[in-house]
Amino acid sequence: MPNMDISRDANNPLKHYRGVRMQQGRVLTDDDFNEAARLAEEDARRAIEDLIGPAGSPDDGFKLDVSTGTLALLPGTFYVGGLRLDLNDQEKFVKQHDWLQYPNEAALPNLPGGLPTSGNALIYLEAWQQPVVAVEDSELFEVALGGPDTSVRNRTMRRARAIPVTSTDFAGAWKELQAKLGTVGKLGSACDPNSESSELTTDAKLIVEAVTNAPSTDLCSPQPNGGYLGAENQAIRVQIAPAAGGKNQFVWGFDNGAPLYRVELPIDGTTQVVHMVTTPKDFAHYPKVGQVVEFLPWSALLANGEKAAELTGFFATVTGAYDPDQQNFAITNTTALTNLGLPPYGGSWAASDFSGFHKTLPPPPDQPEKEFYYMRVWNRGDDLSAATSFDVGATPVKLGTTGLQVRFSGSQFRPGDFWIIAARPNTPSQVVPWDLGDPAGRAPHGVRRWIAPLGIVQSINGTITTFDCRPTFMPLTKSRGCCCYTVGDGITSHGQFCKIQDAIDALPPDGGEVCVLPGVYHESVLIQRRQNVRLHGCGERSRIIGIMVTIPIIGTTGSGSGSGAGTGSGAGSGSGSGSGTVGATGSGSGSGLGTETAVIAVRVVGSINIEIDNLRVTTIGLGAGILIDEECSQIAIKRLNIVSNSGACVAGRNARTIDIADCRMNGGAGIMISQCYDIDILRNRVHGVADGIMILNAAPPVTNPGNIPAAIVRENIVYASTGLALTLSGEGAMSVVGNEFTTLGIGGFSLGARGAESIGAVPATVFIFNRGVTQEMSDAYYFSQMRTMGTQYDTMNAEGSKQQTGPGNVLFAENRLTLDLRTTEKLANRTVSVFIASRDDVGFFENESECWLRDGTEQFLSNAFVTGWSVRMSGNRMKETMQIATKSAITHAQMNATTNNQGTHCFLVYAPLGFKVDEGNTVLMGNAEDCRTVTTGYFVVRDTPRSPMTPLTEAAALDVNKTMTSVMDAVHGQLDVMLSAPLQPSTLQNQINLGR
């Protein structure tokens, strides 16, 4: 390694300097320029290390490869200690461009060709920086200057090294490397992403002191002051040399150990003549007898074919004066050059396996390629009789006649590490940097080294396997994962946008994911006419607080009168038309599109495949946390925490395929959805002030209505303070399984509140009404007339042809229901906790339902009222307050199997056609008559068994089914009235047709 010809190096990171500034009229020294460069480079290096970590690669840079039968390094980029290392082309391990002396220095007999013959080898990367001068890279010479060089370049060096290890895991192999390098430095854990640095640090310290002289006995020769005695300003370099005789060594010299020369050495080791290819610039720089010189072999191949020098080399003493005519001088110990490896010393590049390797580019025409070496002179002034090198230790060693002495502390000494002592005659007792004079000493100025793992090469029975240990990272432009855009609130977090709406609007037409970073976002997000959009947050840390917005609503029908034509107006704006004779009064009606204000956090309008995930959503005021509107499809709402104190947490209408899962909701109402199909409500926790889950007019698709369910409600925990825990109506298969439903008061959605008490039952906890029709009803002759009655429920396709409705199967199983009315003043007439009605099959299995009733109740009809074409109730436990209720369950169906249930009161099992099974039911209290009769608003249900074998005429069949049909029509009629009720301003529930 060449040494820069500098005046001093006073850089001290502990001063926390960040830059150098010029002043007017002042001289700019080399140290000013170098200090500025060091500060900037170190700041950049540490910033990269903070971002990437001790080591990392964004690609396959320096990855081990054995596919060609030899160990090779793949091209790419690798960062070590904040230094960027680039490998432009694949390199063989034994032919690294930055390690031209590999066969000499590796000394790994078990790694021929870079591959182990047996066992394991840890491959690691070492990086450092060293200067390159014009003597090494001739292209740096500016010929217009007539010969002198100018500045030097700093080059990042790298070498992949190997050590045999016994461990097969990275952690164990790294510990073995740490132990091996323990004599030269302390190595952190580059395998550990939490490690602060991968630098190989040393405990070596240098202390510089003034030589202590004995008092003078000659009065004419006074005692000199202690300190530097030289007449010149000097940069004295102290450098650790290769060990000799088992002891660490050091060398020293003036001029910072510069300059560097190209020389030719004897190739046979029998002569002592050195030929200087680069001539000294003047007489003062001629090699002098007694001076110490160091020969450096080639280290790294530069891109232009030139070669950089090694860090350290072989030391010799000049024995013959320099001949400027022949450019030769003599040295000692030339025979030792042949004992350091392949002859001659440093001639590894000439070995057969390196043939042509160093000749990447042709040499300049006037500088034919030769095998040369680099040499530097350790100039010690007039001290020409000292040893080549000196022992490192705590005993002070004089630096010739300089008046200074040095001593060392520590135990980790690495060849090439150095200190620069700036000595000045004007301040003989003070050297720079000042901490060299501190009793604790100073760490080396360099060379700083960084170490990182590459992998393990394993050989078992001739089979070679590599294991990659390189830490990797994604570039910032690719590290966002699935997120197209990130949003930060500008306070807690920072993203590409400060508003969620801006990120949504910036998405391409085919959609994408918006990641909401931690923060609070006061806005109403509109996802309109979009597809394939995912809005994803960081859970509780990503909070959307809805704001008041104006949204469109459908106006009501208006009427008008006039002469010949009438006009009408709706809520907002609208017009109608009428007709009449001239001069007479006509009438007209119309509807319009109006507006309404509401607090909305996220509104999805007319969009497809939208997912809202892992957010906290809050609305304060009448509105909804999430509003789904206008023909949306494939909407997923997952892992949200929604608080809507005066409105619904999730509301929607006119949509299909809605998934609401794993959410926590607390609001005026939980989930309120109308006129949708294929609805999945899974694993939510809902606490509604008025209602829990409300799904109205759910339906399967027009095509294949039997294949897709209308709604699935599973594994939810629902609390309704003053309303129904579950309201579910529509057409198609319905599944309600594994839920916890609790109602604490009568209120909210109530049929009785709309004059529906006449149907015979007012639901309090769960209301399920399915308009679907069993396919059996269309096949039997005696139901032909009933099917005609049911055409009002059939749908019309695009061509206006009537289509059969979907099925009405209802599965209600493994639910736990609680109706707790102990704080309610009184009940409405004929209250039931659970009401389920269908024109198809109803399965009611393994449920637990309990009713806590207040004394003074007018009439509690039953814990459960279940009616359908066929009903199967089995394995349920029904509990009620003893002295208030009279029935635990009423089941009403043409085919009725109510078996093996347990109840506080009676089970009334009614089957007009006589197809029933009523057995195994256990009743705690009640008499026989109580268990046979109940009076409802429409009819008296009395268990009057009929033989199922009795032939039925069509008239008889219609007669016995009149009761059930009346009930179904009454409920359906009330729902139709409710859903078509006039809309009132400022009520979001009406706007979405939820009938509140």
# chains A, B, ... in the order shown; residues from 1 in each chain; ligands from 1
$ select_by_dssp --residues "region 269-335 of chain A" --states "strand (DSSP E)" --output "ChimeraX atom specification"
/A:273-276,292-296,298-301,307-309,314-323,328-331
$ closest_residue --among "A:Gly188, A:Gly437, A:Pro425, A:Gly76" --to "Glu232 (chain A)" --atoms "only C-alpha atoms"
A:Pro425
$ closest_residue --among "A:Asp137, A:Glu176, A:Asp383, A:Asp468" --to "Tyr261 (chain A)" --atoms "only C-alpha atoms"
A:Asp137
$ residues_around --residues "region 375-380 of chain A" --least-positions-apart "6" --cutoff "8 Å" --atoms "only C-alpha atoms" --output "PyMOL selection string"
chain A and resi 2+251-255+257-263+287+291-296+400
$ residues_around --residues "Asn847 (chain A)" --least-positions-apart "3" --cutoff "8 Å" --atoms "only C-alpha atoms" --output "list in words"
Phe812, Ala813, Glu814, Asn815, Arg816, Leu817, Phe844, Gly875, Asn876 and Arg877 of chain A
$ atom_distance --atom1 "CA of Val152 (chain A)" --atom2 "CA of Val133 (chain A)"
4.9 Å
$ residues_around --residues "Glu919 (chain A)" --least-positions-apart "3" --cutoff "9 Å" --atoms "only C-alpha atoms" --output "list in words"
Ala897, Thr898, Thr899, Asn900, Asn901 and Thr922 of chain A
$ write_last_selection --atoms "all heavy atoms" --output "mmCIF file, in the first residue's frame"
data_model
loop_
_atom_site.group_PDB
_atom_site.id
_atom_site.type_symbol
_atom_site.label_atom_id
_atom_site.label_comp_id
_atom_site.auth_asym_id
_atom_site.auth_seq_id
_atom_site.Cartn_x
_atom_site.Cartn_y
_atom_site.Cartn_z
ATOM 1 N N ALA A 897 -90.281 -32.169 13.319
ATOM 2 C CA ALA A 897 -89.610 -33.101 14.210
ATOM 3 C C ALA A 897 -88.957 -32.294 15.313
ATOM 4 O O ALA A 897 -87.931 -31.654 15.095
ATOM 5 C CB ALA A 897 -88.569 -33.926 13.462
ATOM 6 N N THR A 898 -89.591 -32.283 16.490
ATOM 7 C CA THR A 898 -89.080 -31.571 17.651
ATOM 8 C C THR A 898 -88.756 -32.604 18.707
ATOM 9 O O THR A 898 -89.659 -33.160 19.347
ATOM 10 C CB THR A 898 -90.095 -30.548 18.162
ATOM 11 O OG1 THR A 898 -90.423 -29.641 17.104
ATOM 12 C CG2 THR A 898 -89.559 -29.763 19.339
ATOM 13 N N THR A 899 -87.467 -32.888 18.876
ATOM 14 C CA THR A 899 -87.078 -34.033 19.693
ATOM 15 C C THR A 899 -85.890 -33.689 20.569
ATOM 16 O O THR A 899 -85.048 -32.857 20.230
ATOM 17 C CB THR A 899 -86.702 -35.236 18.808
ATOM 18 O OG1 THR A 899 -85.569 -34.894 18.019
ATOM 19 C CG2 THR A 899 -87.849 -35.618 17.885
ATOM 20 N N ASN A 900 -85.861 -34.386 21.713
ATOM 21 C CA ASN A 900 -84.683 -34.400 22.585
ATOM 22 C C ASN A 900 -84.215 -32.999 22.977
ATOM 23 O O ASN A 900 -83.021 -32.712 23.005
ATOM 24 C CB ASN A 900 -83.532 -35.161 21.926
ATOM 25 C CG ASN A 900 -83.896 -36.597 21.618
ATOM 26 O OD1 ASN A 900 -84.491 -37.290 22.454
ATOM 27 N ND2 ASN A 900 -83.567 -37.041 20.420
ATOM 28 N N ASN A 901 -85.177 -32.132 23.298
ATOM 29 C CA ASN A 901 -84.853 -30.799 23.787
ATOM 30 C C ASN A 901 -85.117 -30.732 25.280
ATOM 31 O O ASN A 901 -85.887 -31.528 25.837
ATOM 32 C CB ASN A 901 -85.697 -29.746 23.077
ATOM 33 C CG ASN A 901 -85.488 -29.758 21.583
ATOM 34 O OD1 ASN A 901 -84.470 -29.304 21.076
ATOM 35 N ND2 ASN A 901 -86.475 -30.298 20.849
ATOM 36 N N THR A 922 -87.745 -32.774 27.367
ATOM 37 C CA THR A 922 -87.818 -32.745 28.820
ATOM 38 C C THR A 922 -88.280 -31.369 29.257
ATOM 39 O O THR A 922 -87.665 -30.358 28.896
ATOM 40 C CB THR A 922 -86.445 -33.053 29.432
ATOM 41 O OG1 THR A 922 -86.005 -34.317 28.964
ATOM 42 C CG2 THR A 922 -86.528 -33.070 30.949
#
$ residues_around --residues "Leu640 (chain A)" --least-positions-apart "4" --cutoff "6 Å" --atoms "only C-alpha atoms" --output "ChimeraX atom specification"
/A:614-616,663
$ closest_residue --among "A:Gln675, A:Ser849, A:Gln496, A:Asn532" --to "Thr477 (chain A)" --atoms "only C-alpha atoms"
A:Gln496
$ decode --residues "region 514-530 of chain A" --atoms "all heavy atoms" --output "PDB file, in the first residue's frame"
ATOM      1  N   VAL A 514     -53.136   0.395  -0.801  1.00  0.00           N
ATOM      2  CA  VAL A 514     -52.738   1.608  -0.089  1.00  0.00           C
ATOM      3  C   VAL A 514     -52.499   1.235   1.359  1.00  0.00           C
ATOM      4  O   VAL A 514     -53.389   0.712   2.037  1.00  0.00           O
ATOM      5  CB  VAL A 514     -53.817   2.700  -0.190  1.00  0.00           C
ATOM      6  CG1 VAL A 514     -53.467   3.881   0.693  1.00  0.00           C
ATOM      7  CG2 VAL A 514     -53.990   3.146  -1.634  1.00  0.00           C
ATOM      8  N   CYS A 515     -51.288   1.456   1.844  1.00  0.00           N
ATOM      9  CA  CYS A 515     -50.921   1.136   3.219  1.00  0.00           C
ATOM     10  C   CYS A 515     -51.008   2.407   4.066  1.00  0.00           C
ATOM     11  O   CYS A 515     -50.313   3.384   3.787  1.00  0.00           O
ATOM     12  CB  CYS A 515     -49.515   0.556   3.280  1.00  0.00           C
ATOM     13  SG  CYS A 515     -49.377  -1.082   2.520  1.00  0.00           S
ATOM     14  N   VAL A 516     -51.842   2.358   5.062  1.00  0.00           N
ATOM     15  CA  VAL A 516     -52.038   3.500   5.955  1.00  0.00           C
ATOM     16  C   VAL A 516     -51.109   3.322   7.156  1.00  0.00           C
ATOM     17  O   VAL A 516     -51.311   2.423   7.978  1.00  0.00           O
ATOM     18  CB  VAL A 516     -53.505   3.602   6.402  1.00  0.00           C
ATOM     19  CG1 VAL A 516     -53.701   4.821   7.284  1.00  0.00           C
ATOM     20  CG2 VAL A 516     -54.423   3.662   5.190  1.00  0.00           C
ATOM     21  N   LEU A 517     -50.104   4.147   7.238  1.00  0.00           N
ATOM     22  CA  LEU A 517     -49.119   4.054   8.308  1.00  0.00           C
ATOM     23  C   LEU A 517     -49.704   4.591   9.616  1.00  0.00           C
ATOM     24  O   LEU A 517     -50.755   5.238   9.617  1.00  0.00           O
ATOM     25  CB  LEU A 517     -47.866   4.832   7.909  1.00  0.00           C
ATOM     26  CG  LEU A 517     -47.197   4.395   6.601  1.00  0.00           C
ATOM     27  CD1 LEU A 517     -46.003   5.282   6.302  1.00  0.00           C
ATOM     28  CD2 LEU A 517     -46.790   2.939   6.644  1.00  0.00           C
ATOM     29  N   PRO A 518     -49.052   4.320  10.736  1.00  0.00           N
ATOM     30  CA  PRO A 518     -49.584   4.809  12.013  1.00  0.00           C
ATOM     31  C   PRO A 518     -49.819   6.313  11.996  1.00  0.00           C
ATOM     32  O   PRO A 518     -49.011   7.090  11.493  1.00  0.00           O
ATOM     33  CB  PRO A 518     -48.481   4.420  13.001  1.00  0.00           C
ATOM     34  CG  PRO A 518     -47.840   3.217  12.394  1.00  0.00           C
ATOM     35  CD  PRO A 518     -47.853   3.478  10.928  1.00  0.00           C
ATOM     36  N   GLY A 519     -50.955   6.705  12.550  1.00  0.00           N
ATOM     37  CA  GLY A 519     -51.303   8.119  12.592  1.00  0.00           C
ATOM     38  C   GLY A 519     -52.798   8.294  12.706  1.00  0.00           C
ATOM     39  O   GLY A 519     -53.574   7.329  12.753  1.00  0.00           O
ATOM     40  N   VAL A 520     -53.248   9.541  12.769  1.00  0.00           N
ATOM     41  CA  VAL A 520     -54.659   9.888  12.855  1.00  0.00           C
ATOM     42  C   VAL A 520     -55.036  10.652  11.589  1.00  0.00           C
ATOM     43  O   VAL A 520     -54.392  11.660  11.255  1.00  0.00           O
ATOM     44  CB  VAL A 520     -54.940  10.732  14.110  1.00  0.00           C
ATOM     45  CG1 VAL A 520     -56.408  11.101  14.186  1.00  0.00           C
ATOM     46  CG2 VAL A 520     -54.517   9.970  15.367  1.00  0.00           C
ATOM     47  N   TYR A 521     -56.099  10.194  10.919  1.00  0.00           N
ATOM     48  CA  TYR A 521     -56.496  10.761   9.632  1.00  0.00           C
ATOM     49  C   TYR A 521     -57.945  11.229   9.739  1.00  0.00           C
ATOM     50  O   TYR A 521     -58.861  10.419   9.846  1.00  0.00           O
ATOM     51  CB  TYR A 521     -56.345   9.715   8.522  1.00  0.00           C
ATOM     52  CG  TYR A 521     -54.960   9.145   8.434  1.00  0.00           C
ATOM     53  CD1 TYR A 521     -54.581   8.055   9.218  1.00  0.00           C
ATOM     54  CD2 TYR A 521     -54.009   9.706   7.588  1.00  0.00           C
ATOM     55  CE1 TYR A 521     -53.298   7.538   9.166  1.00  0.00           C
ATOM     56  CE2 TYR A 521     -52.719   9.194   7.524  1.00  0.00           C
ATOM     57  CZ  TYR A 521     -52.366   8.110   8.318  1.00  0.00           C
ATOM     58  OH  TYR A 521     -51.094   7.603   8.253  1.00  0.00           O
ATOM     59  N   HIS A 522     -58.136  12.542   9.733  1.00  0.00           N
ATOM     60  CA  HIS A 522     -59.473  13.121   9.797  1.00  0.00           C
ATOM     61  C   HIS A 522     -59.953  13.323   8.362  1.00  0.00           C
ATOM     62  O   HIS A 522     -59.656  14.353   7.735  1.00  0.00           O
ATOM     63  CB  HIS A 522     -59.442  14.453  10.550  1.00  0.00           C
ATOM     64  CG  HIS A 522     -59.090  14.322  12.004  1.00  0.00           C
ATOM     65  ND1 HIS A 522     -60.028  14.157  12.983  1.00  0.00           N
ATOM     66  CD2 HIS A 522     -57.881  14.295  12.625  1.00  0.00           C
ATOM     67  CE1 HIS A 522     -59.429  14.066  14.161  1.00  0.00           C
ATOM     68  NE2 HIS A 522     -58.113  14.145  13.968  1.00  0.00           N
ATOM     69  N   GLU A 523     -60.689  12.372   7.844  1.00  0.00           N
ATOM     70  CA  GLU A 523     -61.181  12.491   6.481  1.00  0.00           C
ATOM     71  C   GLU A 523     -62.272  11.450   6.237  1.00  0.00           C
ATOM     72  O   GLU A 523     -62.463  10.512   7.018  1.00  0.00           O
ATOM     73  CB  GLU A 523     -60.056  12.319   5.461  1.00  0.00           C
ATOM     74  CG  GLU A 523     -59.278  11.019   5.540  1.00  0.00           C
ATOM     75  CD  GLU A 523     -58.181  10.957   4.488  1.00  0.00           C
ATOM     76  OE1 GLU A 523     -58.508  11.147   3.296  1.00  0.00           O
ATOM     77  OE2 GLU A 523     -57.012  10.719   4.851  1.00  0.00           O
ATOM     78  N   SER A 524     -62.977  11.654   5.148  1.00  0.00           N
ATOM     79  CA  SER A 524     -63.962  10.683   4.675  1.00  0.00           C
ATOM     80  C   SER A 524     -63.443  10.143   3.351  1.00  0.00           C
ATOM     81  O   SER A 524     -63.350  10.866   2.361  1.00  0.00           O
ATOM     82  CB  SER A 524     -65.330  11.341   4.487  1.00  0.00           C
ATOM     83  OG  SER A 524     -66.263  10.392   4.005  1.00  0.00           O
ATOM     84  N   VAL A 525     -63.075   8.883   3.354  1.00  0.00           N
ATOM     85  CA  VAL A 525     -62.441   8.270   2.189  1.00  0.00           C
ATOM     86  C   VAL A 525     -63.523   7.730   1.255  1.00  0.00           C
ATOM     87  O   VAL A 525     -64.403   6.987   1.683  1.00  0.00           O
ATOM     88  CB  VAL A 525     -61.485   7.145   2.622  1.00  0.00           C
ATOM     89  CG1 VAL A 525     -60.819   6.522   1.402  1.00  0.00           C
ATOM     90  CG2 VAL A 525     -60.447   7.680   3.591  1.00  0.00           C
ATOM     91  N   LEU A 526     -63.439   8.092  -0.014  1.00  0.00           N
ATOM     92  CA  LEU A 526     -64.399   7.640  -1.014  1.00  0.00           C
ATOM     93  C   LEU A 526     -63.693   6.738  -2.017  1.00  0.00           C
ATOM     94  O   LEU A 526     -62.770   7.165  -2.707  1.00  0.00           O
ATOM     95  CB  LEU A 526     -65.032   8.835  -1.739  1.00  0.00           C
ATOM     96  CG  LEU A 526     -65.974   8.496  -2.901  1.00  0.00           C
ATOM     97  CD1 LEU A 526     -67.173   7.686  -2.420  1.00  0.00           C
ATOM     98  CD2 LEU A 526     -66.435   9.773  -3.600  1.00  0.00           C
ATOM     99  N   ILE A 527     -64.111   5.491  -2.091  1.00  0.00           N
ATOM    100  CA  ILE A 527     -63.617   4.544  -3.100  1.00  0.00           C
ATOM    101  C   ILE A 527     -64.738   4.372  -4.117  1.00  0.00           C
ATOM    102  O   ILE A 527     -65.681   3.605  -3.896  1.00  0.00           O
ATOM    103  CB  ILE A 527     -63.225   3.210  -2.463  1.00  0.00           C
ATOM    104  CG1 ILE A 527     -62.198   3.428  -1.346  1.00  0.00           C
ATOM    105  CG2 ILE A 527     -62.668   2.251  -3.514  1.00  0.00           C
ATOM    106  CD1 ILE A 527     -61.833   2.171  -0.582  1.00  0.00           C
ATOM    107  N   GLN A 528     -64.667   5.080  -5.204  1.00  0.00           N
ATOM    108  CA  GLN A 528     -65.779   5.151  -6.147  1.00  0.00           C
ATOM    109  C   GLN A 528     -65.351   4.653  -7.535  1.00  0.00           C
ATOM    110  O   GLN A 528     -64.331   5.065  -8.068  1.00  0.00           O
ATOM    111  CB  GLN A 528     -66.291   6.589  -6.251  1.00  0.00           C
ATOM    112  CG  GLN A 528     -67.546   6.741  -7.108  1.00  0.00           C
ATOM    113  CD  GLN A 528     -68.145   8.123  -6.977  1.00  0.00           C
ATOM    114  OE1 GLN A 528     -67.470   9.063  -6.580  1.00  0.00           O
ATOM    115  NE2 GLN A 528     -69.423   8.259  -7.269  1.00  0.00           N
ATOM    116  N   ARG A 529     -66.166   3.745  -8.065  1.00  0.00           N
ATOM    117  CA  ARG A 529     -65.940   3.185  -9.405  1.00  0.00           C
ATOM    118  C   ARG A 529     -64.508   2.650  -9.526  1.00  0.00           C
ATOM    119  O   ARG A 529     -63.818   2.893 -10.501  1.00  0.00           O
ATOM    120  CB  ARG A 529     -66.192   4.231 -10.490  1.00  0.00           C
ATOM    121  CG  ARG A 529     -67.560   4.889 -10.431  1.00  0.00           C
ATOM    122  CD  ARG A 529     -68.673   3.918 -10.807  1.00  0.00           C
ATOM    123  NE  ARG A 529     -69.965   4.583 -10.805  1.00  0.00           N
ATOM    124  CZ  ARG A 529     -70.822   4.566  -9.804  1.00  0.00           C
ATOM    125  NH1 ARG A 529     -70.510   3.907  -8.706  1.00  0.00           N
ATOM    126  NH2 ARG A 529     -71.974   5.184  -9.878  1.00  0.00           N
ATOM    127  N   ARG A 530     -64.100   1.910  -8.514  1.00  0.00           N
ATOM    128  CA  ARG A 530     -62.763   1.338  -8.495  1.00  0.00           C
ATOM    129  C   ARG A 530     -62.846  -0.181  -8.499  1.00  0.00           C
ATOM    130  O   ARG A 530     -63.893  -0.771  -8.219  1.00  0.00           O
ATOM    131  CB  ARG A 530     -62.006   1.783  -7.239  1.00  0.00           C
ATOM    132  CG  ARG A 530     -61.597   3.245  -7.243  1.00  0.00           C
ATOM    133  CD  ARG A 530     -60.380   3.431  -8.109  1.00  0.00           C
ATOM    134  NE  ARG A 530     -59.867   4.791  -8.055  1.00  0.00           N
ATOM    135  CZ  ARG A 530     -58.755   5.173  -8.654  1.00  0.00           C
ATOM    136  NH1 ARG A 530     -58.045   4.296  -9.328  1.00  0.00           N
ATOM    137  NH2 ARG A 530     -58.357   6.425  -8.585  1.00  0.00           N
TER     138      ARG A 530
END
